[in-house]
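Before any comments, here is the structure.
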Amino acid sequence: MARPLAGHSAMLEGGGGREGADKARDEFFSEAQELIDVLGRDLLVLDEALKKGQFDAESINDVFRGVHTLKGLAGLFGATRMAGLSHQLEDALDDLRLGRIELTAAVLDLLFKAVSLYTRLLTAEKGGLAEPAQEVEELLSALGQVSARRAGATAGTVAQYDLDPGLFGVLTEYEEHRLRTTIQQGLQLYRIRVRFSLATIDSALDELKAAVRPHGEIITYLPTGSGTDAETIDLEILMASAEASEGLREAIQGPNVSIEEVPRRSSSSARPSLLAPRPAEAPVPKEFGAPPVQSASPGGDRARPTFLGIAPQSAAAGASSMGLSRAAAPRAAGPGEISLRSITQTVRVDIRKLDRLMTIVGELAIVKTAIAKLSERARTRAIGPRELALELQRLNRTFDRHLAQMQGGILEVRMVPLGQAFDKLARIVRQISREHAKEVRLVVTGAETEIDKLIVEELSDPLMHMIRNAIDHGIESGEDRLRVGKPPIGTIALNAFQKANHVVIEVEDDGAGMDPAALAAEAVRRGVVSADEAKAMTSRDVVALVFMPGFTTKQVATDLSGRGVGLDVVKTNISKLGGVVDITSEIGIGTKMTITLPITLAIINVLLVEIGARLFAIPLANVDEAIALDETQVRAIESREVLTVRGASLPIARLERLFGMQRLQVGSRRAFVVIAQVADRRLGLVVDELVGQRDIVIKPLGKSLSGTRGFAGATELGDQRVALVIDVAALIEEVLASAETRRLAQIESDESSRRYPALRRA
Amino acid sequence: MRRVLVAEDSVSARAFVRAVLEGPEFASRSGGCEVLEASSGFDAMRLLPRGPYDLIITDINMTDINGLELIRFIRKSAHHATTPLLVISTLRGEQDVERGLALGANGYLGKPFTPEQLREACERLMGDRERARASGPPAGRP
């Protein structure tokens, strides 16, 4: 998809203006993505309302505005196809909001389709995939058919109200439509006059809107006054309501608020020009609003005001581009596969959070000044060593405190509610269940649970696959459900909650569940496990086989799950985030998949340990406790070492051996067991020494070591030492995986150094 | 340094305008320019008293106070009655343009537009004003 850049983008970049252009382009991607997300959310609201037989005018207008803005942006930044789609979509939405066509489930389907196409178009624009040209064409023709069904517009009369004729010069078409509609519904018009203080206008306006909403609809806001006052704004708000003025005055009170009825005039005095269906077609009365056109031109040296750039060709052919770079392709899904991941990595932050960070930076600057002064005093020997030490200690404590605040503040900025990922899933559930003729209800709890933005983004796709899987393989058809006495509508529950340093997300369906015997047979048939291995497995282990590569639970793969992504990919993606995914299933009752994730990837608290004289870091979030190793309590069970701790047995792994490291003197040395836990799996890690706790920033191992398993990365400790960070989830996986157990005991040092090459080089 | 107020609810459209007007091309042709951004009609109302401005650019379709309402207000206020005013909007029909100009806008630029079109429009509108200033009291002032 290499489209040449539009000519003028070069002009923008030529003179060194790249930075501004790049920034604008980044803003485009991030704003467009946000608009698309909001569109999806608004459509769901519309869908809900429609199911209850309601028409949600406000949401339709929100959708229209979103598409309208997208159209403008796409045009401005040269995303031609997106602009084209938006244009057609906007027409259809305009018809919808102006009541010219009816909103039906079929029309909503098209709108949902448009949202998913938008995402793909945006990805294509950024350089990820080919544009879904064919699908856009199909959607456009379907939209065209919808618009063709429009009914004739109903022209109401507004003239019965004694309204300022200039009003029609400033209403947008939609505002005008709402005005007509409300009048047709027999509502009374009111004028609310209000004076806002500029300092508090945002909150005051929200309060006013909230007060008005239960009683009527605001048509428009007209600023009045002179515009010279820097303190206040005077507004005239036009509102339609079914209620009497006394009640409204009671409900909408305020120090600077007055409400009056817009009087109806006698029919004879109605001005004929205002009866026109579209007042813009009537000339705007000259006596109102602006001075006559000619004198409005600054300088008055030109008869006509300038009239620029409305050449029709600028719509598509001349669509501008700010040099959208096709570089940095996002890790996109394969062809034909839909990804829910946002293409931008922008976080919108409450300015107050940044203010707090700024305050901390100020505090840190004070510490810095103090250090500078102190070092100057030390240099000139103006301070004794003891006093110097005291001062340094004091400064160090202050510095520590502010740094911790800074870290907390930055983490807070990175946190976003999981709802961001869940909203998109609701759309997917609707789409799949409609395609699939299964009725499915999505019940979400804990959408407000916060997690690192980066994790939310990476979660979208795995969650989507899990939900696809649940609908495809879990939820039975309506008849089947009725036959076994279940309600015909299936339920998928999406629950999120925080548990200590982790966030847990459950995807639970009330479908058919999985039969371990059938699963085991299938696994053997596919060669995923041997018959003997299958026999030795618990039913829980068997169910977990669905996460193995190349495994499908149904004989017939439908078009839904047949899109090439199995649950093994889900598992890999979750592991990359330092999380684990577990599955439990009961025949006839349903299946539950549980994802356990760290809250953030940015800064983690670790336990530093020494193994074979080298330092390693174990994330504290995974550490239950650390105890001294009592070799007498170690027993070998089936070639696996197990330690008895307070009566319970705990599998242990001797990291020195596992990592294939040179053994120091054996025997007399004491050792420790760090009991690590991920989800409900525990493993004792045998280490030589416990060094201490530390906050670290994990750095990736780099390309050449990217295939190394068992390590999450490396970290610098500040004293020029480096430690590898153990990936506890992967290690537990590795050690406990039943198929691996037997081999584990025989790991030769050469094999393990092949598997853990990082150690050889470290 | 000239000051331009941009009322537009899309952050990337504002960034586009800023990139063009604060860019080197515009600076070398027409001198430096400082762009103030208003993200809504209300926001513009807040920034208006902090004028004067050499040019006001506004979108039409904005929630609450729309661009047309803003234009009408600006033209009624003594402070900004003669400030050059450019509309940028996706509404590009003849009626839309007529309406904007009748309310007192001096120029109307349909979206999408190219950086060059925007530069030209702004140059023209600000140039008119300066020429008028240079030749004594503006003839067009009511």
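All residue names refer to the structure tokens as shown: chains lettered A, B, ... in order, residues numbered from 1 in each chain, ligands numbered from 1 in order.
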
Exercise: Thr584 in chain A partners within 10 Å, only C-alpha atoms, chain neighbours under 5 positions left out, as a ChimeraX atom specification: /A:508,513-514,539-544,590-594

Go ahead and dump the residues you just picked, N, CA and C atoms, as a JSON list (two decimals), in the first residue's frame.
[["chain", "number", "residue", "atom", "x", "y", "z"],
["A", 508, "GLU", "N", -15.77, -16.18, 31.77],
["A", 508, "GLU", "CA", -16.52, -17.36, 32.20],
["A", 508, "GLU", "C", -17.77, -17.50, 31.35],
["A", 513, "GLY", "N", -19.12, -26.68, 28.48],
["A", 513, "GLY", "CA", -17.98, -27.20, 29.22],
["A", 513, "GLY", "C", -17.18, -28.17, 28.37],
["A", 514, "MET", "N", -16.09, -28.69, 28.92],
["A", 514, "MET", "CA", -15.24, -29.61, 28.15],
["A", 514, "MET", "C", -15.19, -30.97, 28.82],
["A", 539, "SER", "N", -7.42, -34.40, 35.33],
["A", 539, "SER", "CA", -8.36, -33.80, 34.38],
["A", 539, "SER", "C", -8.06, -32.31, 34.22],
["A", 540, "ARG", "N", -7.53, -31.69, 35.25],
["A", 540, "ARG", "CA", -7.19, -30.28, 35.16],
["A", 540, "ARG", "C", -6.07, -30.06, 34.15],
["A", 541, "ASP", "N", -5.06, -30.95, 34.20],
["A", 541, "ASP", "CA", -3.97, -30.86, 33.23],
["A", 541, "ASP", "C", -4.48, -31.06, 31.81],
["A", 542, "VAL", "N", -5.45, -31.99, 31.70],
["A", 542, "VAL", "CA", -5.99, -32.29, 30.37],
["A", 542, "VAL", "C", -6.66, -31.05, 29.78],
["A", 543, "VAL", "N", -7.48, -30.40, 30.61],
["A", 543, "VAL", "CA", -8.17, -29.21, 30.10],
["A", 543, "VAL", "C", -7.16, -28.15, 29.67],
["A", 544, "ALA", "N", -6.04, -28.07, 30.40],
["A", 544, "ALA", "CA", -5.02, -27.08, 30.07],
["A", 544, "ALA", "C", -4.37, -27.35, 28.72],
["A", 590, "GLY", "N", -20.02, -25.13, 32.28],
["A", 590, "GLY", "CA", -19.34, -24.04, 31.60],
["A", 590, "GLY", "C", -17.84, -24.09, 31.79],
["A", 591, "THR", "N", -17.17, -23.06, 31.24],
["A", 591, "THR", "CA", -15.72, -23.00, 31.26],
["A", 591, "THR", "C", -15.30, -21.66, 31.79],
["A", 592, "LYS", "N", -14.24, -21.67, 32.58],
["A", 592, "LYS", "CA", -13.73, -20.40, 33.10],
["A", 592, "LYS", "C", -12.24, -20.30, 32.81],
["A", 593, "MET", "N", -11.85, -19.23, 32.13],
["A", 593, "MET", "CA", -10.43, -18.97, 31.93],
["A", 593, "MET", "C", -10.04, -17.78, 32.80],
["A", 594, "THR", "N", -8.93, -17.91, 33.47],
["A", 594, "THR", "CA", -8.52, -16.87, 34.40],
["A", 594, "THR", "C", -7.15, -16.34, 34.02]]

Which chain B residues have any atom within 7 Å of an atom of chain A, and for each, what is the nearest pair of atoms with distance in Å to one decimal, counting only C-alpha atoms, rows sorted by chain and number, as a tab-separated table?
residue	atom	partner	partner_atom	distance
B:Val11	CA	A:Glu27	CA	6.9
B:Ser12	CA	A:Glu27	CA	5.0
B:Ala13	CA	A:Leu73	CA	6.5
B:Ala15	CA	A:Ala24	CA	4.8
B:Phe16	CA	A:Ala24	CA	5.4
B:Ala19	CA	A:Gly20	CA	4.7
B:Gly23	CA	A:Gly17	CA	5.3
B:Pro24	CA	A:Gly15	CA	5.7
B:Glu25	CA	A:Gly15	CA	6.1
B:Arg46	CA	A:Leu198	CA	6.3
B:Pro49	CA	A:Ala230	CA	5.1
B:Asp64	CA	A:Tyr221	CA	5.7
B:Ile65	CA	A:Tyr221	CA	5.3
B:Leu68	CA	A:Val170	CA	4.8
B:Glu69	CA	A:Val170	CA	5.2
B:Arg72	CA	A:Gly289	CA	5.6
B:Phe73	CA	A:Pro223	CA	6.2
B:Arg75	CA	A:Ala290	CA	5.9
B:Lys76	CA	A:Ser226	CA	6.9
B:Ser77	CA	A:Ser226	CA	4.7
B:Ala78	CA	A:Ser226	CA	6.7
B:His79	CA	A:Thr228	CA	6.3
B:Thr82	CA	A:Pro298	CA	6.0
B:Pro84	CA	A:Pro298	CA	6.2
B:Thr90	CA	A:Gly72	CA	6.2
B:Arg92	CA	A:Ile310	CA	6.5
B:Gln95	CA	A:Ala280	CA	6.5
B:Arg99	CA	A:Gly169	CA	6.6
B:Leu101	CA	A:Val293	CA	6.8
B:Ala102	CA	A:Val293	CA	5.8
B:Leu103	CA	A:Ala290	CA	4.7
B:Gly104	CA	A:Ala290	CA	5.1
B:Asn106	CA	A:Pro305	CA	5.1
B:Gly107	CA	A:Thr306	CA	4.8
B:Tyr108	CA	A:Phe307	CA	5.5
B:Leu109	CA	A:Leu308	CA	5.2
B:Gly110	CA	A:Ile310	CA	5.2
B:Lys111	CA	A:Gly72	CA	6.2
B:Pro112	CA	A:Leu76	CA	4.8
B:Phe113	CA	A:Leu76	CA	6.2
B:Thr114	CA	A:Ser320	CA	5.3
B:Pro115	CA	A:His8	CA	6.9
B:Gln117	CA	A:Gly309	CA	6.6
B:Ala121	CA	A:Leu308	CA	6.8
B:Asp128	CA	A:Gly299	CA	6.1
B:Arg129	CA	A:Pro298	CA	5.3
B:Ala132	CA	A:Gly299	CA	4.3
B:Pro138	CA	A:Gly299	CA	5.1
B:Ala139	CA	A:Gly300	CA	5.9
B:Gly140	CA	A:Gly300	CA	4.5
B:Arg141	CA	A:Ser295	CA	6.8

Please dump the current selection as a short mmCIF file (atom, residue, chain, number, x, y, z; two decimals), in the first residue's frame; keep N, CA and C atoms.
data_model
loop_
_atom_site.label_atom_id
_atom_site.label_comp_id
_atom_site.auth_asym_id
_atom_site.auth_seq_id
_atom_site.Cartn_x
_atom_site.Cartn_y
_atom_site.Cartn_z
N VAL B 11 -8.31 18.12 18.10
CA VAL B 11 -6.94 18.44 18.51
C VAL B 11 -5.96 18.31 17.34
N SER B 12 -6.21 17.36 16.45
CA SER B 12 -5.23 17.23 15.36
C SER B 12 -5.43 18.30 14.30
N ALA B 13 -6.67 18.75 14.10
CA ALA B 13 -6.86 19.86 13.17
C ALA B 13 -6.17 21.11 13.72
N ALA B 15 -3.57 21.08 15.63
CA ALA B 15 -2.12 20.84 15.47
C ALA B 15 -1.71 21.12 14.03
N PHE B 16 -2.58 20.78 13.09
CA PHE B 16 -2.32 21.03 11.67
C PHE B 16 -2.17 22.54 11.44
N ALA B 19 0.98 23.79 12.99
CA ALA B 19 2.17 23.40 12.23
C ALA B 19 2.36 24.29 11.01
N GLY B 23 5.10 27.27 11.22
CA GLY B 23 6.17 26.64 10.46
C GLY B 23 7.07 27.66 9.78
N PRO B 24 8.23 27.20 9.32
CA PRO B 24 9.23 28.10 8.74
C PRO B 24 8.77 28.74 7.43
N GLU B 25 7.98 27.99 6.67
CA GLU B 25 7.52 28.51 5.38
C GLU B 25 6.70 29.79 5.57
N ARG B 46 -13.35 32.35 26.38
CA ARG B 46 -12.43 32.59 27.47
C ARG B 46 -11.17 33.30 26.98
N PRO B 49 -11.09 37.77 25.46
CA PRO B 49 -10.69 38.99 26.17
C PRO B 49 -9.17 39.14 26.27
N ASP B 64 -22.14 22.74 22.04
CA ASP B 64 -22.52 23.89 22.87
C ASP B 64 -22.57 25.16 22.04
N ILE B 65 -21.51 25.96 22.11
CA ILE B 65 -21.51 27.17 21.27
C ILE B 65 -20.88 26.81 19.93
N LEU B 68 -20.87 29.42 14.24
CA LEU B 68 -21.68 30.53 13.76
C LEU B 68 -22.07 31.46 14.90
N GLU B 69 -22.43 30.84 16.02
CA GLU B 69 -22.76 31.63 17.20
C GLU B 69 -21.56 32.44 17.66
N ARG B 72 -21.04 35.43 15.32
CA ARG B 72 -22.00 36.49 15.59
C ARG B 72 -21.57 37.28 16.83
N PHE B 73 -21.15 36.51 17.84
CA PHE B 73 -20.73 37.15 19.08
C PHE B 73 -19.50 38.03 18.85
N ARG B 75 -18.49 39.46 16.16
CA ARG B 75 -18.78 40.66 15.38
C ARG B 75 -19.56 41.70 16.17
N LYS B 76 -20.24 41.26 17.20
CA LYS B 76 -20.98 42.22 18.02
C LYS B 76 -20.09 42.87 19.07
N SER B 77 -18.98 42.22 19.38
CA SER B 77 -18.16 42.76 20.46
C SER B 77 -17.26 43.86 19.92
N ALA B 78 -17.13 44.93 20.70
CA ALA B 78 -16.37 46.09 20.25
C ALA B 78 -14.90 45.73 20.00
N HIS B 79 -14.38 44.88 20.86
CA HIS B 79 -12.97 44.51 20.78
C HIS B 79 -12.57 43.88 19.45
N THR B 82 -13.52 44.14 14.09
CA THR B 82 -12.86 44.20 12.78
C THR B 82 -11.72 43.18 12.65
N PRO B 84 -9.87 40.14 11.46
CA PRO B 84 -10.14 39.22 10.34
C PRO B 84 -10.56 37.85 10.87
N THR B 90 -16.04 21.65 7.35
CA THR B 90 -16.38 20.65 6.35
C THR B 90 -17.68 21.00 5.64
N ARG B 92 -19.34 22.82 3.19
CA ARG B 92 -18.77 23.58 2.08
C ARG B 92 -19.80 23.96 1.05
N GLN B 95 -24.65 27.58 0.47
CA GLN B 95 -25.44 28.21 1.53
C GLN B 95 -24.62 28.35 2.80
N ARG B 99 -23.80 31.85 4.52
CA ARG B 99 -24.22 32.07 5.89
C ARG B 99 -23.06 32.59 6.75
N LEU B 101 -20.30 34.04 5.78
CA LEU B 101 -19.85 35.36 5.36
C LEU B 101 -20.87 36.42 5.77
N ALA B 102 -22.16 36.08 5.68
CA ALA B 102 -23.18 37.04 6.05
C ALA B 102 -23.09 37.39 7.53
N LEU B 103 -22.64 36.44 8.33
CA LEU B 103 -22.51 36.71 9.76
C LEU B 103 -21.29 37.57 10.06
N GLY B 104 -20.41 37.70 9.10
CA GLY B 104 -19.27 38.57 9.32
C GLY B 104 -17.91 37.92 9.18
N ASN B 106 -14.63 36.80 7.17
CA ASN B 106 -13.98 37.42 6.02
C ASN B 106 -13.48 36.40 5.01
N GLY B 107 -13.36 35.18 5.46
CA GLY B 107 -12.91 34.14 4.54
C GLY B 107 -13.51 32.82 4.94
N TYR B 108 -13.57 31.91 3.99
CA TYR B 108 -14.18 30.62 4.28
C TYR B 108 -13.37 29.56 3.57
N LEU B 109 -12.82 28.66 4.32
CA LEU B 109 -11.96 27.64 3.75
C LEU B 109 -12.58 26.28 4.03
N GLY B 110 -12.97 25.60 2.95
CA GLY B 110 -13.60 24.29 3.13
C GLY B 110 -12.57 23.25 3.52
N LYS B 111 -12.95 22.36 4.43
CA LYS B 111 -12.07 21.23 4.78
C LYS B 111 -12.35 20.10 3.82
N PRO B 112 -11.40 19.34 3.37
CA PRO B 112 -10.00 19.50 3.77
C PRO B 112 -9.31 20.57 2.93
N PHE B 113 -8.27 21.13 3.50
CA PHE B 113 -7.49 22.11 2.75
C PHE B 113 -6.02 21.75 2.85
N THR B 114 -5.23 22.31 1.97
CA THR B 114 -3.79 22.03 1.99
C THR B 114 -3.10 23.09 2.84
N PRO B 115 -1.91 22.79 3.31
CA PRO B 115 -1.16 23.82 4.05
C PRO B 115 -1.05 25.11 3.25
N GLN B 117 -3.06 26.31 0.95
CA GLN B 117 -4.34 27.05 0.92
C GLN B 117 -4.54 27.82 2.22
N ALA B 121 -4.72 31.89 2.59
CA ALA B 121 -5.90 32.52 3.18
C ALA B 121 -5.50 33.44 4.32
N ASP B 128 -4.60 42.23 4.40
CA ASP B 128 -5.64 43.24 4.20
C ASP B 128 -5.69 44.20 5.38
N ARG B 129 -5.68 43.58 6.54
CA ARG B 129 -5.81 44.35 7.77
C ARG B 129 -4.63 45.32 7.91
N ALA B 132 -4.75 48.11 5.54
CA ALA B 132 -5.76 49.07 5.96
C ALA B 132 -5.21 49.97 7.07
N PRO B 138 -9.30 52.75 9.18
CA PRO B 138 -9.96 51.89 8.20
C PRO B 138 -11.27 52.46 7.75
N ALA B 139 -11.44 52.42 6.48
CA ALA B 139 -12.65 52.99 5.89
C ALA B 139 -13.88 52.17 6.24
N GLY B 140 -13.65 50.88 6.45
CA GLY B 140 -14.80 49.99 6.61
C GLY B 140 -15.37 49.97 8.02
N ARG B 141 -14.68 50.67 8.94
CA ARG B 141 -15.17 50.56 10.34
C ARG B 141 -16.50 51.29 10.47
#

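With only C-alpha atoms taken into account, the protein and nucleic acid residues at most 10 Å from range 380-392 of chain A (excluding it and anything under 6 positions from it in its own chain) are Ala370, Ile371, Leu374 and Thr398 of chain A.
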
All residues 12 Å or closer to Lys438 in chain A, only C-alpha atoms, same chain fewer than 2 positions away omitted, as an MDAnalysis selection string: chainID A and resid 429:436 440:441 470:481 488:491 511

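Closest approach to Arg50 in chain B among B:Met126, B:Ala27, B:Val17, B:Leu36 is made by B:Leu36 (distances from only C-alpha atoms).
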
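Separating CA of Leu139 in chain A from CA of Val67 in chain A is a distance of 15.0 Å.
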
Chain B: residues DSSP assigns to strand (DSSP E), reported as JSON, numbers by chain: {"B": [2, 3, 4, 5, 6, 7, 33, 34, 35, 36, 37, 38, 55, 56, 57, 58, 85, 86, 87, 88, 89, 107, 108, 109, 110]}

Print the selection's residues with N, CA and C atoms to a file, as a PDB file, in the first residue's frame.
ATOM      1  N   ARG B   2       2.777  37.970  15.295  1.00  0.00           N
ATOM      2  CA  ARG B   2       1.327  38.077  15.192  1.00  0.00           C
ATOM      3  C   ARG B   2       0.650  36.944  15.956  1.00  0.00           C
ATOM      4  N   ARG B   3      -0.546  37.230  16.393  1.00  0.00           N
ATOM      5  CA  ARG B   3      -1.253  36.232  17.207  1.00  0.00           C
ATOM      6  C   ARG B   3      -2.526  35.786  16.509  1.00  0.00           C
ATOM      7  N   VAL B   4      -2.674  34.476  16.466  1.00  0.00           N
ATOM      8  CA  VAL B   4      -3.845  33.905  15.807  1.00  0.00           C
ATOM      9  C   VAL B   4      -4.583  33.019  16.805  1.00  0.00           C
ATOM     10  N   LEU B   5      -5.892  33.212  16.903  1.00  0.00           N
ATOM     11  CA  LEU B   5      -6.710  32.363  17.777  1.00  0.00           C
ATOM     12  C   LEU B   5      -7.425  31.319  16.907  1.00  0.00           C
ATOM     13  N   VAL B   6      -7.277  30.057  17.266  1.00  0.00           N
ATOM     14  CA  VAL B   6      -7.932  28.990  16.510  1.00  0.00           C
ATOM     15  C   VAL B   6      -8.962  28.282  17.392  1.00  0.00           C
ATOM     16  N   ALA B   7     -10.238  28.402  17.016  1.00  0.00           N
ATOM     17  CA  ALA B   7     -11.290  27.682  17.747  1.00  0.00           C
ATOM     18  C   ALA B   7     -11.684  26.467  16.921  1.00  0.00           C
ATOM     19  N   CYS B  33       4.530  33.902  13.768  1.00  0.00           N
ATOM     20  CA  CYS B  33       3.127  33.823  14.116  1.00  0.00           C
ATOM     21  C   CYS B  33       2.993  32.969  15.375  1.00  0.00           C
ATOM     22  N   GLU B  34       2.134  33.409  16.268  1.00  0.00           N
ATOM     23  CA  GLU B  34       1.884  32.613  17.471  1.00  0.00           C
ATOM     24  C   GLU B  34       0.432  32.151  17.443  1.00  0.00           C
ATOM     25  N   VAL B  35       0.224  30.846  17.608  1.00  0.00           N
ATOM     26  CA  VAL B  35      -1.136  30.300  17.528  1.00  0.00           C
ATOM     27  C   VAL B  35      -1.652  29.970  18.925  1.00  0.00           C
ATOM     28  N   LEU B  36      -2.810  30.514  19.269  1.00  0.00           N
ATOM     29  CA  LEU B  36      -3.464  30.150  20.526  1.00  0.00           C
ATOM     30  C   LEU B  36      -4.620  29.221  20.209  1.00  0.00           C
ATOM     31  N   GLU B  37      -4.715  28.127  20.946  1.00  0.00           N
ATOM     32  CA  GLU B  37      -5.725  27.120  20.627  1.00  0.00           C
ATOM     33  C   GLU B  37      -6.907  27.170  21.597  1.00  0.00           C
ATOM     34  N   ALA B  38      -8.099  27.160  21.036  1.00  0.00           N
ATOM     35  CA  ALA B  38      -9.311  27.029  21.846  1.00  0.00           C
ATOM     36  C   ALA B  38     -10.000  25.749  21.403  1.00  0.00           C
ATOM     37  N   LEU B  55      -5.802  37.516  13.791  1.00  0.00           N
ATOM     38  CA  LEU B  55      -6.682  36.682  12.976  1.00  0.00           C
ATOM     39  C   LEU B  55      -7.384  35.696  13.903  1.00  0.00           C
ATOM     40  N   ILE B  56      -8.666  35.466  13.638  1.00  0.00           N
ATOM     41  CA  ILE B  56      -9.372  34.423  14.376  1.00  0.00           C
ATOM     42  C   ILE B  56      -9.835  33.373  13.359  1.00  0.00           C
ATOM     43  N   ILE B  57      -9.523  32.116  13.666  1.00  0.00           N
ATOM     44  CA  ILE B  57      -9.938  31.026  12.784  1.00  0.00           C
ATOM     45  C   ILE B  57     -10.931  30.172  13.564  1.00  0.00           C
ATOM     46  N   THR B  58     -12.063  29.864  12.973  1.00  0.00           N
ATOM     47  CA  THR B  58     -13.005  29.021  13.709  1.00  0.00           C
ATOM     48  C   THR B  58     -13.630  27.932  12.841  1.00  0.00           C
ATOM     49  N   LEU B  85     -11.536  37.261  10.212  1.00  0.00           N
ATOM     50  CA  LEU B  85     -12.099  36.019  10.719  1.00  0.00           C
ATOM     51  C   LEU B  85     -12.205  34.997   9.590  1.00  0.00           C
ATOM     52  N   LEU B  86     -11.566  33.860   9.799  1.00  0.00           N
ATOM     53  CA  LEU B  86     -11.562  32.816   8.777  1.00  0.00           C
ATOM     54  C   LEU B  86     -12.311  31.593   9.302  1.00  0.00           C
ATOM     55  N   VAL B  87     -13.269  31.109   8.488  1.00  0.00           N
ATOM     56  CA  VAL B  87     -13.980  29.889   8.858  1.00  0.00           C
ATOM     57  C   VAL B  87     -13.283  28.692   8.216  1.00  0.00           C
ATOM     58  N   ILE B  88     -13.042  27.645   8.991  1.00  0.00           N
ATOM     59  CA  ILE B  88     -12.594  26.382   8.396  1.00  0.00           C
ATOM     60  C   ILE B  88     -13.643  25.342   8.756  1.00  0.00           C
ATOM     61  N   SER B  89     -14.241  24.741   7.756  1.00  0.00           N
ATOM     62  CA  SER B  89     -15.332  23.821   8.063  1.00  0.00           C
ATOM     63  C   SER B  89     -15.509  22.800   6.965  1.00  0.00           C
ATOM     64  N   GLY B 107     -13.359  35.185   5.456  1.00  0.00           N
ATOM     65  CA  GLY B 107     -12.907  34.145   4.538  1.00  0.00           C
ATOM     66  C   GLY B 107     -13.511  32.819   4.941  1.00  0.00           C
ATOM     67  N   TYR B 108     -13.571  31.909   3.987  1.00  0.00           N
ATOM     68  CA  TYR B 108     -14.184  30.624   4.279  1.00  0.00           C
ATOM     69  C   TYR B 108     -13.367  29.562   3.569  1.00  0.00           C
ATOM     70  N   LEU B 109     -12.818  28.657   4.323  1.00  0.00           N
ATOM     71  CA  LEU B 109     -11.957  27.638   3.746  1.00  0.00           C
ATOM     72  C   LEU B 109     -12.577  26.279   4.025  1.00  0.00           C
ATOM     73  N   GLY B 110     -12.972  25.601   2.946  1.00  0.00           N
ATOM     74  CA  GLY B 110     -13.598  24.293   3.131  1.00  0.00           C
ATOM     75  C   GLY B 110     -12.573  23.250   3.519  1.00  0.00           C
TER      76      GLY B 110
END

Atomic separation - CA of Val686 in chain A relative to CA of Met661 in chain A, Å: 13.3 Å

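One finds CA of Glu689 in chain A at 6.9 Å from CA of Ile611 in chain A.
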
Can you pull out every residue within 9 Å of Arg249 in chain A, counting only C-alpha atoms, but drop anything in the same chain fewer than 6 positions away, and send it as a short mmCIF file (atom, residue, chain, number, x, y, z; two decimals) with N, CA and C atoms, in the first residue's frame?
data_model
loop_
_atom_site.label_atom_id
_atom_site.label_comp_id
_atom_site.auth_asym_id
_atom_site.auth_seq_id
_atom_site.Cartn_x
_atom_site.Cartn_y
_atom_site.Cartn_z
N VAL A 257 -29.19 33.00 37.13
CA VAL A 257 -29.99 32.29 36.15
C VAL A 257 -31.41 32.85 36.12
N SER A 258 -31.90 33.13 34.94
CA SER A 258 -33.32 33.48 34.83
C SER A 258 -33.92 32.69 33.68
N ILE A 259 -35.17 32.31 33.84
CA ILE A 259 -35.85 31.51 32.82
C ILE A 259 -37.12 32.22 32.38
N GLU A 260 -37.30 32.33 31.09
CA GLU A 260 -38.57 32.89 30.61
C GLU A 260 -39.09 32.07 29.46
#
